[in-house]
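For reference, target.txt (compact mmCIF, C-alpha atoms and all ligand atoms):
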```txt
# COMPACT_ATOMS: atom_id res chain seq x y z
CA MET A 1 8.68 161.02 -19.73
CA SER A 2 8.52 161.35 -15.97
CA ALA A 3 6.53 158.94 -13.80
CA PRO A 4 3.22 160.00 -12.23
CA LEU A 5 3.18 161.92 -8.95
CA TRP A 6 1.53 160.51 -5.84
CA PRO A 7 0.25 163.12 -3.38
CA ALA A 8 1.64 161.83 -0.07
CA PRO A 9 -1.12 161.91 2.54
CA THR A 10 -0.55 164.18 5.53
CA ALA A 11 -1.57 162.79 8.92
CA SER A 12 -4.23 164.92 10.54
CA ALA A 13 -4.28 162.98 13.83
CA PRO A 14 -2.13 160.49 15.74
CA VAL A 15 -2.07 157.21 13.83
CA THR A 16 -3.36 154.11 15.60
CA ALA A 17 -2.99 151.06 13.41
CA THR A 18 -2.05 147.42 13.11
CA VAL A 19 -0.08 146.78 9.95
CA ARG A 20 0.42 143.20 8.76
CA LEU A 21 3.46 142.95 6.48
CA PRO A 22 4.03 140.43 3.69
CA GLY A 23 7.04 138.10 3.65
CA SER A 24 10.66 139.17 3.75
CA LYS A 25 12.30 139.70 0.37
CA SER A 26 15.62 138.45 1.72
CA VAL A 27 14.19 135.25 3.23
CA THR A 28 11.90 134.56 0.24
CA ASN A 29 14.67 134.83 -2.34
CA ARG A 30 17.08 132.68 -0.32
CA ALA A 31 14.34 130.10 0.34
CA LEU A 32 13.37 129.86 -3.34
CA LEU A 33 16.97 129.32 -4.45
CA LEU A 34 17.72 126.77 -1.72
CA ALA A 35 14.48 124.90 -2.54
CA ALA A 36 15.48 124.85 -6.22
CA LEU A 37 18.86 123.31 -5.30
CA ALA A 38 17.43 120.85 -2.76
CA ASP A 39 17.40 117.06 -2.82
CA GLY A 40 13.60 116.81 -3.24
CA PRO A 41 10.35 118.80 -3.40
CA GLY A 42 9.80 121.42 -0.70
CA THR A 43 7.48 124.27 0.22
CA VAL A 44 8.05 127.98 0.76
CA ARG A 45 5.02 129.37 2.60
CA GLN A 46 3.91 132.96 2.95
CA ALA A 47 6.53 133.88 0.36
CA LEU A 48 6.58 137.47 -0.82
CA ARG A 49 5.02 138.30 -4.20
CA SER A 50 6.75 141.42 -5.48
CA ARG A 51 8.94 142.40 -8.41
CA ASP A 52 12.14 141.07 -6.78
CA ALA A 53 10.50 137.85 -5.60
CA ASP A 54 8.79 137.28 -8.95
CA LEU A 55 12.10 137.77 -10.76
CA MET A 56 13.67 135.13 -8.50
CA ALA A 57 10.79 132.71 -9.15
CA ALA A 58 11.13 133.29 -12.91
CA ALA A 59 14.89 132.72 -12.72
CA MET A 60 14.39 129.42 -10.90
CA ARG A 61 11.89 128.30 -13.54
CA ALA A 62 14.25 129.31 -16.35
CA LEU A 63 16.95 127.12 -14.77
CA GLY A 64 14.69 124.06 -14.64
CA THR A 65 12.77 124.27 -11.33
CA GLU A 66 9.03 123.62 -11.18
CA LEU A 67 7.11 126.12 -9.04
CA THR A 68 3.42 125.70 -8.25
CA PRO A 69 1.56 128.45 -6.40
CA SER A 70 -1.28 128.08 -3.89
CA ASN A 71 -3.04 130.39 -1.41
CA GLU A 72 -2.13 133.32 -3.66
CA SER A 73 -2.95 136.93 -2.73
CA ALA A 74 -1.71 140.31 -3.99
CA SER A 75 1.57 140.08 -2.11
CA GLY A 76 1.86 136.53 -0.77
CA VAL A 77 1.91 132.93 -2.00
CA ASP A 78 2.77 129.38 -0.93
CA TRP A 79 5.18 127.84 -3.44
CA GLN A 80 5.50 124.10 -3.97
CA VAL A 81 9.02 123.76 -5.36
CA THR A 82 10.18 120.73 -7.34
CA PRO A 83 13.87 120.92 -8.23
CA GLY A 84 15.22 119.67 -11.56
CA PRO A 85 18.73 119.41 -12.97
CA VAL A 86 20.10 122.97 -13.38
CA ARG A 87 19.50 123.73 -17.06
CA GLY A 88 21.50 126.03 -19.33
CA GLY A 89 20.27 127.91 -22.37
CA ALA A 90 18.42 130.42 -20.18
CA ARG A 91 18.16 134.21 -20.18
CA ILE A 92 17.67 135.71 -16.73
CA ASP A 93 16.21 139.17 -16.09
CA VAL A 94 17.54 140.41 -12.74
CA GLY A 95 15.56 143.68 -12.83
CA LEU A 96 17.17 145.85 -10.16
CA ALA A 97 17.24 143.05 -7.59
CA GLY A 98 20.55 142.65 -5.76
CA THR A 99 19.46 139.23 -4.54
CA VAL A 100 18.77 137.96 -8.07
CA MET A 101 21.91 139.43 -9.67
CA ARG A 102 24.21 138.07 -6.89
CA PHE A 103 22.46 134.82 -5.84
CA VAL A 104 21.58 133.27 -9.22
CA PRO A 105 24.91 133.36 -11.18
CA PRO A 106 26.61 130.80 -8.87
CA MET A 107 23.63 128.47 -9.42
CA ALA A 108 23.96 129.05 -13.18
CA ALA A 109 27.58 127.90 -12.88
CA LEU A 110 26.19 124.40 -12.13
CA ALA A 111 24.52 124.20 -15.58
CA GLU A 112 25.96 122.52 -18.68
CA GLY A 113 24.97 125.30 -21.09
CA GLU A 114 25.21 129.09 -21.12
CA VAL A 115 23.10 131.35 -18.93
CA HIS A 116 22.78 135.01 -19.91
CA PHE A 117 22.03 137.73 -17.33
CA ASP A 118 20.81 141.29 -17.81
CA GLY A 119 18.62 143.77 -15.93
CA ASP A 120 17.46 147.37 -15.61
CA ALA A 121 19.71 150.17 -16.85
CA HIS A 122 20.85 150.99 -13.31
CA ALA A 123 21.51 147.31 -12.53
CA ARG A 124 24.46 147.52 -14.91
CA LYS A 125 26.10 149.93 -12.47
CA ARG A 126 25.71 147.79 -9.35
CA PRO A 127 28.90 146.03 -8.13
CA MET A 128 29.26 142.51 -9.59
CA GLY A 129 32.99 142.22 -10.39
CA PRO A 130 34.14 140.39 -7.22
CA ILE A 131 31.53 137.60 -7.44
CA LEU A 132 32.09 137.09 -11.17
CA SER A 133 35.87 136.83 -10.62
CA ALA A 134 35.19 134.37 -7.82
CA LEU A 135 33.07 132.23 -10.16
CA ARG A 136 35.97 132.15 -12.62
CA ALA A 137 38.30 131.05 -9.80
CA LEU A 138 35.82 128.26 -8.98
CA GLY A 139 35.92 126.96 -12.56
CA ALA A 140 33.18 128.77 -14.53
CA GLU A 141 33.63 131.04 -17.54
CA VAL A 142 32.13 134.54 -17.27
CA ASP A 143 32.52 137.04 -20.10
CA ASN A 144 32.16 140.41 -18.31
CA ASP A 145 32.65 142.11 -14.94
CA SER A 146 29.20 143.68 -14.67
CA LEU A 147 25.74 143.18 -16.18
CA PRO A 148 25.10 142.04 -18.87
CA PHE A 149 27.15 138.84 -18.72
CA THR A 150 27.03 135.17 -19.64
CA VAL A 151 27.99 132.33 -17.29
CA ARG A 152 29.27 129.08 -18.83
CA GLY A 153 29.54 126.23 -16.29
CA ARG A 154 30.61 124.12 -14.84
CA ALA A 155 32.26 125.34 -11.68
CA VAL A 156 33.83 122.72 -9.40
CA GLY A 157 34.37 124.90 -6.31
CA GLY A 158 37.51 125.37 -4.25
CA GLU A 159 39.03 128.41 -2.55
CA VAL A 160 38.44 132.07 -3.41
CA THR A 161 39.52 135.43 -2.06
CA ILE A 162 37.04 138.24 -2.59
CA ASP A 163 36.64 141.88 -1.61
CA ALA A 164 33.01 142.03 -0.44
CA SER A 165 33.14 145.53 1.03
CA ALA A 166 30.68 146.72 -1.65
CA SER A 167 27.94 144.26 -0.67
CA SER A 168 27.33 141.33 1.66
CA GLN A 169 25.38 139.72 -1.19
CA LEU A 170 28.70 138.93 -2.93
CA ILE A 171 29.39 136.48 -0.07
CA SER A 172 25.79 135.27 0.40
CA GLY A 173 25.52 134.50 -3.32
CA LEU A 174 28.56 132.19 -3.26
CA LEU A 175 27.51 130.55 0.02
CA LEU A 176 24.00 129.65 -1.14
CA THR A 177 25.15 127.40 -4.01
CA ALA A 178 28.51 126.36 -2.50
CA ALA A 179 27.42 122.94 -1.16
CA ARG A 180 26.47 121.87 -4.68
CA PHE A 181 29.99 122.38 -6.05
CA GLU A 182 32.11 119.20 -6.12
CA LYS A 183 34.74 120.65 -3.78
CA GLY A 184 32.49 122.92 -1.73
CA VAL A 185 33.78 126.48 -1.33
CA THR A 186 36.09 128.36 1.01
CA ILE A 187 35.64 132.15 0.81
CA ARG A 188 38.13 134.58 2.28
CA HIS A 189 37.17 138.27 2.38
CA GLU A 190 40.04 140.75 2.03
CA GLY A 191 39.31 144.48 2.08
CA PRO A 192 37.40 147.07 4.12
CA PRO A 193 34.71 145.58 6.42
CA VAL A 194 31.83 143.66 4.81
CA PRO A 195 28.51 145.51 5.34
CA SER A 196 25.18 143.96 6.36
CA MET A 197 26.64 141.01 8.31
CA PRO A 198 23.18 140.03 9.64
CA HIS A 199 22.28 139.17 6.05
CA ILE A 200 25.27 136.80 5.86
CA GLU A 201 24.15 135.28 9.18
CA MET A 202 20.71 134.82 7.60
CA THR A 203 22.34 132.91 4.73
CA VAL A 204 24.41 130.73 7.07
CA GLN A 205 21.41 129.95 9.31
CA MET A 206 19.22 129.00 6.37
CA LEU A 207 21.98 126.76 4.95
CA ARG A 208 22.42 125.02 8.32
CA ALA A 209 18.66 124.56 8.62
CA ALA A 210 18.88 122.74 5.26
CA GLY A 211 21.58 120.42 6.61
CA VAL A 212 24.57 122.14 5.00
CA THR A 213 27.84 122.25 6.96
CA VAL A 214 29.13 125.82 7.20
CA ASP A 215 32.15 126.88 9.23
CA ASP A 216 32.16 130.62 9.99
CA ASP A 217 34.31 130.49 13.13
CA THR A 218 37.09 132.60 11.63
CA ARG A 219 36.23 136.22 10.96
CA ASP A 220 35.94 136.94 7.22
CA VAL A 221 36.34 133.27 6.27
CA TRP A 222 33.50 130.90 5.38
CA ARG A 223 33.84 127.20 4.51
CA VAL A 224 30.92 125.26 3.02
CA GLU A 225 31.35 121.48 2.72
CA PRO A 226 30.04 119.79 -0.42
CA GLY A 227 26.83 117.82 0.12
CA PRO A 228 23.09 117.79 -0.41
CA ILE A 229 20.79 120.69 0.47
CA SER A 230 17.76 119.21 2.26
CA ALA A 231 14.27 120.01 1.05
CA ARG A 232 12.24 121.93 3.66
CA ASP A 233 8.81 123.19 4.51
CA LEU A 234 9.56 126.77 5.46
CA VAL A 235 7.41 129.73 6.54
CA VAL A 236 8.76 133.15 5.54
CA GLU A 237 8.90 135.84 8.28
CA PRO A 238 7.26 139.23 7.65
CA ASP A 239 9.57 141.81 6.05
CA LEU A 240 10.88 143.83 9.00
CA SER A 241 12.71 146.39 6.86
CA ASN A 242 9.42 147.21 5.18
CA ALA A 243 7.97 147.83 8.65
CA ALA A 244 10.21 150.90 8.92
CA PRO A 245 8.00 153.51 7.20
CA PHE A 246 4.86 152.30 9.00
CA LEU A 247 6.49 152.32 12.44
CA SER A 248 7.86 155.78 11.68
CA ALA A 249 4.29 157.03 11.39
CA ALA A 250 3.93 156.41 15.15
CA LEU A 251 6.91 158.67 15.91
CA ILE A 252 5.82 161.45 13.57
CA THR A 253 2.19 161.61 14.62
CA GLY A 254 2.51 160.70 18.31
CA GLY A 255 0.52 157.54 17.58
CA THR A 256 0.84 153.78 18.00
CA VAL A 257 1.62 151.24 15.27
CA THR A 258 1.72 147.48 15.81
CA VAL A 259 3.28 144.96 13.44
CA PRO A 260 1.98 141.47 14.27
CA GLY A 261 4.13 138.40 13.74
CA TRP A 262 7.40 140.17 14.65
CA PRO A 263 9.77 137.25 15.34
CA ALA A 264 11.29 136.98 18.83
CA LEU A 265 14.60 135.97 17.25
CA THR A 266 15.63 136.85 13.72
CA THR A 267 18.61 137.63 11.53
CA GLN A 268 16.63 140.29 9.64
CA PRO A 269 18.36 143.67 10.05
CA GLY A 270 14.94 145.30 10.41
CA ASP A 271 14.95 144.01 13.99
CA GLU A 272 17.41 146.83 14.74
CA LEU A 273 14.48 149.23 14.29
CA ARG A 274 13.64 148.52 17.91
CA GLY A 275 16.84 150.16 19.13
CA LEU A 276 16.94 152.86 16.47
CA LEU A 277 13.35 154.04 16.92
CA GLY A 278 13.80 153.83 20.70
CA ALA A 279 16.84 156.10 20.41
CA MET A 280 14.76 158.52 18.34
CA GLY A 281 12.24 158.85 21.16
CA ALA A 282 9.71 156.04 20.70
CA THR A 283 8.49 153.52 23.25
CA VAL A 284 9.03 150.06 21.82
CA ASP A 285 7.33 146.93 23.08
CA LEU A 286 7.97 143.45 21.67
CA GLY A 287 5.64 140.70 22.84
CA PRO A 288 3.34 137.93 21.66
CA HIS A 289 1.12 140.54 19.99
CA GLY A 290 4.04 141.63 17.79
CA LEU A 291 6.02 144.87 17.89
CA THR A 292 4.28 148.02 19.10
CA VAL A 293 5.89 151.41 18.64
CA THR A 294 4.43 154.50 20.30
CA GLY A 295 5.66 158.00 19.58
CA THR A 296 5.28 161.40 21.20
CA GLY A 297 5.25 163.49 18.04
CA GLN A 298 8.76 164.69 18.96
CA ILE A 299 11.65 162.94 17.18
CA ALA A 300 15.18 162.98 18.59
CA GLY A 301 18.09 163.13 16.15
CA ILE A 302 20.61 160.26 16.39
CA ASP A 303 24.25 159.48 15.80
CA ALA A 304 24.16 155.94 14.43
CA ASP A 305 26.42 153.53 12.57
CA LEU A 306 24.11 151.82 10.05
CA HIS A 307 26.83 149.66 8.44
CA GLU A 308 25.03 146.43 9.40
CA VAL A 309 21.53 147.69 8.56
CA GLY A 310 22.09 149.93 5.55
CA GLU A 311 18.70 149.20 4.01
CA LEU A 312 17.03 151.08 6.90
CA THR A 313 18.84 154.31 5.99
CA PRO A 314 16.26 156.03 3.75
CA THR A 315 13.58 155.78 6.48
CA ILE A 316 15.94 156.84 9.26
CA ALA A 317 17.11 159.80 7.14
CA ALA A 318 13.48 160.81 6.54
CA LEU A 319 12.82 160.73 10.29
CA ALA A 320 16.05 162.68 10.87
CA ALA A 321 14.78 165.41 8.54
CA LEU A 322 11.72 165.78 10.81
CA ALA A 323 13.61 165.56 14.11
CA SER A 324 14.25 168.24 16.71
CA SER A 325 18.06 167.82 16.69
CA PRO A 326 20.70 166.92 14.06
CA SER A 327 21.59 163.35 13.07
CA THR A 328 24.77 161.74 11.83
CA LEU A 329 24.40 158.45 9.96
CA ARG A 330 27.70 156.58 9.44
CA GLY A 331 29.18 153.41 7.96
CA ILE A 332 27.04 153.44 4.82
CA ALA A 333 29.34 154.37 1.94
CA HIS A 334 28.21 151.13 0.24
CA LEU A 335 24.73 152.64 -0.22
CA ARG A 336 26.20 154.40 -3.26
CA GLY A 337 25.93 150.98 -5.00
CA HIS A 338 22.34 150.21 -3.99
CA GLU A 339 19.21 150.68 -6.18
CA THR A 340 20.52 154.20 -6.74
CA ASP A 341 23.29 156.21 -5.06
CA ARG A 342 21.16 156.53 -1.93
CA LEU A 343 23.39 159.08 -0.20
CA ALA A 344 23.23 161.48 -3.16
CA ALA A 345 19.51 160.82 -3.68
CA LEU A 346 18.59 161.45 -0.05
CA VAL A 347 20.57 164.69 0.07
CA THR A 348 19.03 165.94 -3.20
CA GLU A 349 15.46 165.07 -2.25
CA ILE A 350 15.54 166.26 1.38
CA ASN A 351 17.19 169.51 0.31
CA GLY A 352 14.70 169.84 -2.55
CA LEU A 353 12.00 170.20 0.14
CA GLY A 354 14.01 172.96 1.83
CA GLY A 355 15.98 170.62 4.11
CA ASN A 356 19.59 170.64 5.20
CA ALA A 357 21.24 167.28 4.48
CA GLU A 358 24.87 166.76 3.59
CA GLU A 359 26.89 163.80 2.32
CA THR A 360 29.98 162.71 4.21
CA ALA A 361 32.60 160.18 3.06
CA ASP A 362 30.65 157.34 4.69
CA GLY A 363 27.17 158.68 5.34
CA LEU A 364 24.93 161.65 5.96
CA ILE A 365 24.47 164.59 8.29
CA VAL A 366 20.86 165.74 8.49
CA ARG A 367 20.08 169.02 10.26
CA PRO A 368 16.37 169.50 10.76
CA VAL A 369 14.88 172.72 9.39
CA PRO A 370 11.27 173.49 8.42
CA LEU A 371 10.41 171.72 5.15
CA HIS A 372 8.00 172.67 2.38
CA GLY A 373 6.07 170.66 -0.20
CA GLY A 374 7.45 169.63 -3.57
CA THR A 375 8.31 166.62 -5.70
CA PHE A 376 10.24 163.80 -4.01
CA HIS A 377 11.94 161.71 -6.73
CA SER A 378 12.32 157.99 -6.19
CA TYR A 379 15.07 156.94 -8.68
CA ALA A 380 13.35 153.53 -9.17
CA ASP A 381 14.23 152.91 -5.51
CA HIS A 382 11.43 151.47 -3.37
CA ARG A 383 12.99 152.82 -0.18
CA MET A 384 13.36 156.36 -1.59
CA ALA A 385 9.65 156.28 -2.46
CA THR A 386 8.66 155.22 1.05
CA ALA A 387 11.02 157.83 2.56
CA GLY A 388 9.06 160.47 0.62
CA ALA A 389 5.81 159.11 2.04
CA VAL A 390 7.25 159.33 5.58
CA ILE A 391 8.19 163.01 5.15
CA GLY A 392 4.81 163.69 3.55
CA LEU A 393 3.04 162.62 6.74
CA ALA A 394 4.33 165.79 8.40
CA VAL A 395 4.88 168.13 5.44
CA PRO A 396 1.86 169.14 3.32
CA GLY A 397 2.27 169.15 -0.45
CA VAL A 398 4.88 166.39 -0.87
CA GLU A 399 4.35 164.46 -4.10
CA VAL A 400 6.28 161.22 -4.53
CA GLU A 401 7.30 160.44 -8.07
CA ASP A 402 6.71 156.80 -9.14
CA ILE A 403 5.21 155.36 -5.94
CA ALA A 404 4.69 152.17 -7.99
CA THR A 405 8.40 151.48 -7.62
CA THR A 406 7.56 150.22 -4.11
CA GLY A 407 6.45 147.09 -6.03
CA LYS A 408 10.11 145.98 -5.85
CA THR A 409 9.37 144.60 -2.39
CA LEU A 410 5.90 145.82 -1.31
CA PRO A 411 3.38 146.12 -4.17
CA GLU A 412 0.56 147.02 -1.78
CA PHE A 413 2.42 149.95 -0.19
CA ALA A 414 0.17 152.84 -1.27
CA HIS A 415 -2.96 150.92 -0.28
CA MET A 416 -1.52 149.84 3.09
CA TRP A 417 -0.38 153.43 3.78
CA ALA A 418 -3.88 154.80 3.13
CA GLU A 419 -5.37 152.04 5.28
CA MET A 420 -2.99 152.82 8.15
CA LEU A 421 -4.15 156.45 7.97
CA GLY A 422 -7.81 155.47 7.83
CA GLN A 423 -8.00 157.00 4.34
CA SER A 424 -8.63 153.93 2.20
O1 LIG B 1 21.23 139.62 1.25
C1 LIG B 1 20.23 140.35 1.28
O2 LIG B 1 19.07 139.90 1.22
C2 LIG B 1 20.44 141.80 1.36
C3 LIG B 1 21.67 142.29 1.76
C4 LIG B 1 21.95 143.74 1.90
O3 LIG B 1 22.72 144.14 0.79
P1 LIG B 1 24.12 144.98 0.92
O4 LIG B 1 25.07 144.16 1.72
O5 LIG B 1 24.51 145.17 -0.49
O6 LIG B 1 23.75 146.25 1.62
C5 LIG B 1 20.67 144.57 1.94
O7 LIG B 1 20.95 145.93 1.90
C6 LIG B 1 19.72 144.15 0.84
O8 LIG B 1 18.55 144.90 0.90
C7 LIG B 1 19.32 142.69 1.03
C1 LIG B 2 19.57 147.26 -1.12
C2 LIG B 2 18.35 146.75 -1.32
O1 LIG B 2 17.99 145.85 -2.27
P1 LIG B 2 18.77 144.79 -3.14
O2 LIG B 2 18.31 143.44 -2.65
O3 LIG B 2 18.36 145.06 -4.56
O4 LIG B 2 20.25 145.00 -2.91
C3 LIG B 2 17.20 147.16 -0.47
O5 LIG B 2 16.13 146.53 -0.58
O6 LIG B 2 17.32 148.13 0.31
```
Written as structure tokens, that's how I'd like the structure from this file.
Amino acid sequence: MSAPLWPAPTASAPVTATVRLPGSKSVTNRALLLAALADGPGTVRQALRSRDADLMAAAMRALGTELTPSNESASGVDWQVTPGPVRGGARIDVGLAGTVMRFVPPMAALAEGEVHFDGDAHARKRPMGPILSALRALGAEVDNDSLPFTVRGRAVGGEVTIDASASSQLISGLLLTAARFEKGVTIRHEGPPVPSMPHIEMTVQMLRAAGVTVDDDTRDVWRVEPGPISARDLVVEPDLSNAAPFLSAALITGGTVTVPGWPALTTQPGDELRGLLGAMGATVDLGPHGLTVTGTGQIAGIDADLHEVGELTPTIAALAALASSPSTLRGIAHLRGHETDRLAALVTEINGLGGNAEETADGLIVRPVPLHGGTFHSYADHRMATAGAVIGLAVPGVEVEDIATTGKTLPEFAHMWAEMLGQS
């Protein structure tokens, strides 16, 4: 049975809107895990509520953490987190969340008993082998190289060599729990370059803010000293990657979109939108009011290496399909292991609307041609669904299949989109 179709609204006038975004998935899921491993009760404020964030909260509870919500809304919550001893005998559903499948198994390796992991059908295809081998090298038992698998503690830590070219999360996952292993952990990456380095910087910064000693002076080597993780009272930044489709509306319609609360300094890769959207023809202004992007209605194609900011690709590819010149997007071969094979999915869906997109060994070439309406499939991928919405702003008759899949990180997407367009 196929999922329902969502008629993507077409913009009939330049969009002028202020769009307030809920908390970052990446910060929320790191903060919840660090709070669960901390030396006392802490608070995670303005945390995201979404499928991925809820799966992380459920995983923490299953492993013995107490989580109490307050100030709850449709997509945000303040969590009071009271850590307990990491408990075995749990079954963890990772859904399709990279952060849950890569961040939680190292924590499970602290437990006495067994912890079983499984997730969505496609989750079984996402790269897990290197982190599971690393856990074995650190002293845990793991019975498989991909989902489903069972972790039997207890790991003591030590030194590991890992090929993390498939995902930065393979490094972040080990780093987050590392201080709690008796010997700490030294990780050495060997292989093609690690993608999404800003996400590893996010991990390192959050560890340091919790009093953990991390040495990342040598390229591709990380050393975490054993020691306590301090409890914190932390406020989660808005999700800048989820700003991408909304800011794109300014470029497409020749309008202005403001995202309040845009941090002046951040490790979120979404901050790169400032440069990328600027290169595609927008005027970008960051100030105390937030980030304001103003478009002309004309979009310039770009030649961009998105290796560090791969999660922005579906939106940038959607803009590229509406541009006035061709685009080449490079450095993103690892997107084949994301929620779906994003390179194949983008090519299929853009071309399904009459477009001209082509896969390369490490990315995409998108040549703009007039598009027509049709079904834009989302492959259970939140960012494919929002890419379809972006194209639909300019192309009448686009219907996005399974818009509800945006609930992975932004459950209110369809409502916020209509509100931005003055159609709610
Ligand atoms: O650590 C994180 O929070 C993330 C790291 C990145 O993963 P990859 O390195 O697998 O691209 C990113 O794409 C994902 O959306 C979130
Ligand atoms: C790659 C992504 O997610 P995940 O955290 O599941 O890897 C993403 O959100 O673009």
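Taking atom CA of A:Gly352 and atom CA of A:Gly374 as the two end points, the separation is 7.3 Å.
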For stretch 294-307 of chain A, find every residue with an atom within 8 Å (counting only C-alpha atoms), except residues of its own chain fewer than 3 positions away, and show them as number ranges by chain.
A: 195-196, 250-257, 279-284, 310, 312-313, 319-320, 322-332
Throw together the list of residues within 6 Å of ligand LIG 2 (chain B), counting only C-alpha atoms and all ligand atoms, and drop it here as an MDAnalysis selection string.
chainID A and resid 96:99 311 338:339
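Omitting A:Leu63 and its sequence neighbours fewer than 4 positions away, and counting all atoms listed in the file, the residues within 7 Å are A:Ala59, A:Val86, A:Arg87, A:Gly88, A:Ala90.
Coordinates place atom CA of A:Leu135 at a distance of 13.8 Å from atom CA of A:Glu114.
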Residues near A:Val235, anyone? I mean within 7 Å using all atoms listed in the file, not counting same-chain ones fewer than 5 positions away, as a ChimeraX atom specification.
/A:44-46
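Across A:His415, A:Arg136, A:His189, A:Arg30, the tightest approach to A:Ala47 is made by A:Arg30 when counting all atoms listed in the file.
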Counting only C-alpha atoms and all ligand atoms, what are the residues, protein, DNA or RNA alike, that approach ligand LIG 1 (chain B) to within 10 Å? I want them as an mmCIF file with C-alpha atoms, keeping the file's coordinate frame.
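As written to disk, selection-v1.cif reads:
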```
data_model
loop_
_atom_site.group_PDB
_atom_site.id
_atom_site.type_symbol
_atom_site.label_atom_id
_atom_site.label_comp_id
_atom_site.auth_asym_id
_atom_site.auth_seq_id
_atom_site.Cartn_x
_atom_site.Cartn_y
_atom_site.Cartn_z
ATOM 1 C CA SER A 24 10.660 139.170 3.750
ATOM 2 C CA LYS A 25 12.300 139.700 0.370
ATOM 3 C CA SER A 26 15.620 138.450 1.720
ATOM 4 C CA VAL A 27 14.190 135.250 3.230
ATOM 5 C CA THR A 28 11.900 134.560 0.240
ATOM 6 C CA ASN A 29 14.670 134.830 -2.340
ATOM 7 C CA ARG A 30 17.080 132.680 -0.320
ATOM 8 C CA ALA A 97 17.240 143.050 -7.590
ATOM 9 C CA GLY A 98 20.550 142.650 -5.760
ATOM 10 C CA THR A 99 19.460 139.230 -4.540
ATOM 11 C CA VAL A 100 18.770 137.960 -8.070
ATOM 12 C CA ARG A 102 24.210 138.070 -6.890
ATOM 13 C CA PHE A 103 22.460 134.820 -5.840
ATOM 14 C CA ARG A 126 25.710 147.790 -9.350
ATOM 15 C CA PRO A 127 28.900 146.030 -8.130
ATOM 16 C CA ALA A 164 33.010 142.030 -0.440
ATOM 17 C CA SER A 165 33.140 145.530 1.030
ATOM 18 C CA ALA A 166 30.680 146.720 -1.650
ATOM 19 C CA SER A 167 27.940 144.260 -0.670
ATOM 20 C CA SER A 168 27.330 141.330 1.660
ATOM 21 C CA GLN A 169 25.380 139.720 -1.190
ATOM 22 C CA LEU A 170 28.700 138.930 -2.930
ATOM 23 C CA ILE A 171 29.390 136.480 -0.070
ATOM 24 C CA SER A 172 25.790 135.270 0.400
ATOM 25 C CA GLY A 173 25.520 134.500 -3.320
ATOM 26 C CA VAL A 194 31.830 143.660 4.810
ATOM 27 C CA PRO A 195 28.510 145.510 5.340
ATOM 28 C CA SER A 196 25.180 143.960 6.360
ATOM 29 C CA MET A 197 26.640 141.010 8.310
ATOM 30 C CA PRO A 198 23.180 140.030 9.640
ATOM 31 C CA HIS A 199 22.280 139.170 6.050
ATOM 32 C CA ILE A 200 25.270 136.800 5.860
ATOM 33 C CA GLU A 201 24.150 135.280 9.180
ATOM 34 C CA MET A 202 20.710 134.820 7.600
ATOM 35 C CA THR A 203 22.340 132.910 4.730
ATOM 36 C CA SER A 241 12.710 146.390 6.860
ATOM 37 C CA GLN A 268 16.630 140.290 9.640
ATOM 38 C CA PRO A 269 18.360 143.670 10.050
ATOM 39 C CA HIS A 307 26.830 149.660 8.440
ATOM 40 C CA GLU A 308 25.030 146.430 9.400
ATOM 41 C CA VAL A 309 21.530 147.690 8.560
ATOM 42 C CA GLY A 310 22.090 149.930 5.550
ATOM 43 C CA GLU A 311 18.700 149.200 4.010
ATOM 44 C CA LEU A 312 17.030 151.080 6.900
ATOM 45 C CA THR A 313 18.840 154.310 5.990
ATOM 46 C CA ILE A 332 27.040 153.440 4.820
ATOM 47 C CA ALA A 333 29.340 154.370 1.940
ATOM 48 C CA HIS A 334 28.210 151.130 0.240
ATOM 49 C CA LEU A 335 24.730 152.640 -0.220
ATOM 50 C CA ARG A 336 26.200 154.400 -3.260
ATOM 51 C CA GLY A 337 25.930 150.980 -5.000
ATOM 52 C CA HIS A 338 22.340 150.210 -3.990
ATOM 53 C CA GLU A 339 19.210 150.680 -6.180
ATOM 54 C CA ARG A 383 12.990 152.820 -0.180
ATOM 55 C CA THR A 409 9.370 144.600 -2.390
#
```
Hey, could you make a per-residue contact list for stretch 193-294 of chain A against stretch 156-163 of chain A with 12 Å as the cut-off, showing the nearest pair of atoms and its distance in Å to one decimal, counting only C-alpha atoms, sorted by chain and number, as JSON lines?
```
{"residue": "A:Pro193", "atom": "CA", "partner": "A:Asp163", "partner_atom": "CA", "distance": 9.0}
{"residue": "A:Val194", "atom": "CA", "partner": "A:Asp163", "partner_atom": "CA", "distance": 8.2}
{"residue": "A:Pro195", "atom": "CA", "partner": "A:Asp163", "partner_atom": "CA", "distance": 11.3}
{"residue": "A:Asp220", "atom": "CA", "partner": "A:Ile162", "partner_atom": "CA", "distance": 10.0}
{"residue": "A:Val221", "atom": "CA", "partner": "A:Thr161", "partner_atom": "CA", "distance": 9.2}
{"residue": "A:Trp222", "atom": "CA", "partner": "A:Glu159", "partner_atom": "CA", "distance": 10.0}
{"residue": "A:Arg223", "atom": "CA", "partner": "A:Glu159", "partner_atom": "CA", "distance": 8.8}
{"residue": "A:Val224", "atom": "CA", "partner": "A:Gly158", "partner_atom": "CA", "distance": 9.8}
{"residue": "A:Glu225", "atom": "CA", "partner": "A:Gly158", "partner_atom": "CA", "distance": 10.1}
{"residue": "A:Pro226", "atom": "CA", "partner": "A:Gly157", "partner_atom": "CA", "distance": 8.9}
```
Nearest to A:Arg208 among A:Thr406, A:Asn71, A:Ser230, A:Thr258, with distances taken over all atoms listed in the file: which residue is it?
A:Ser230
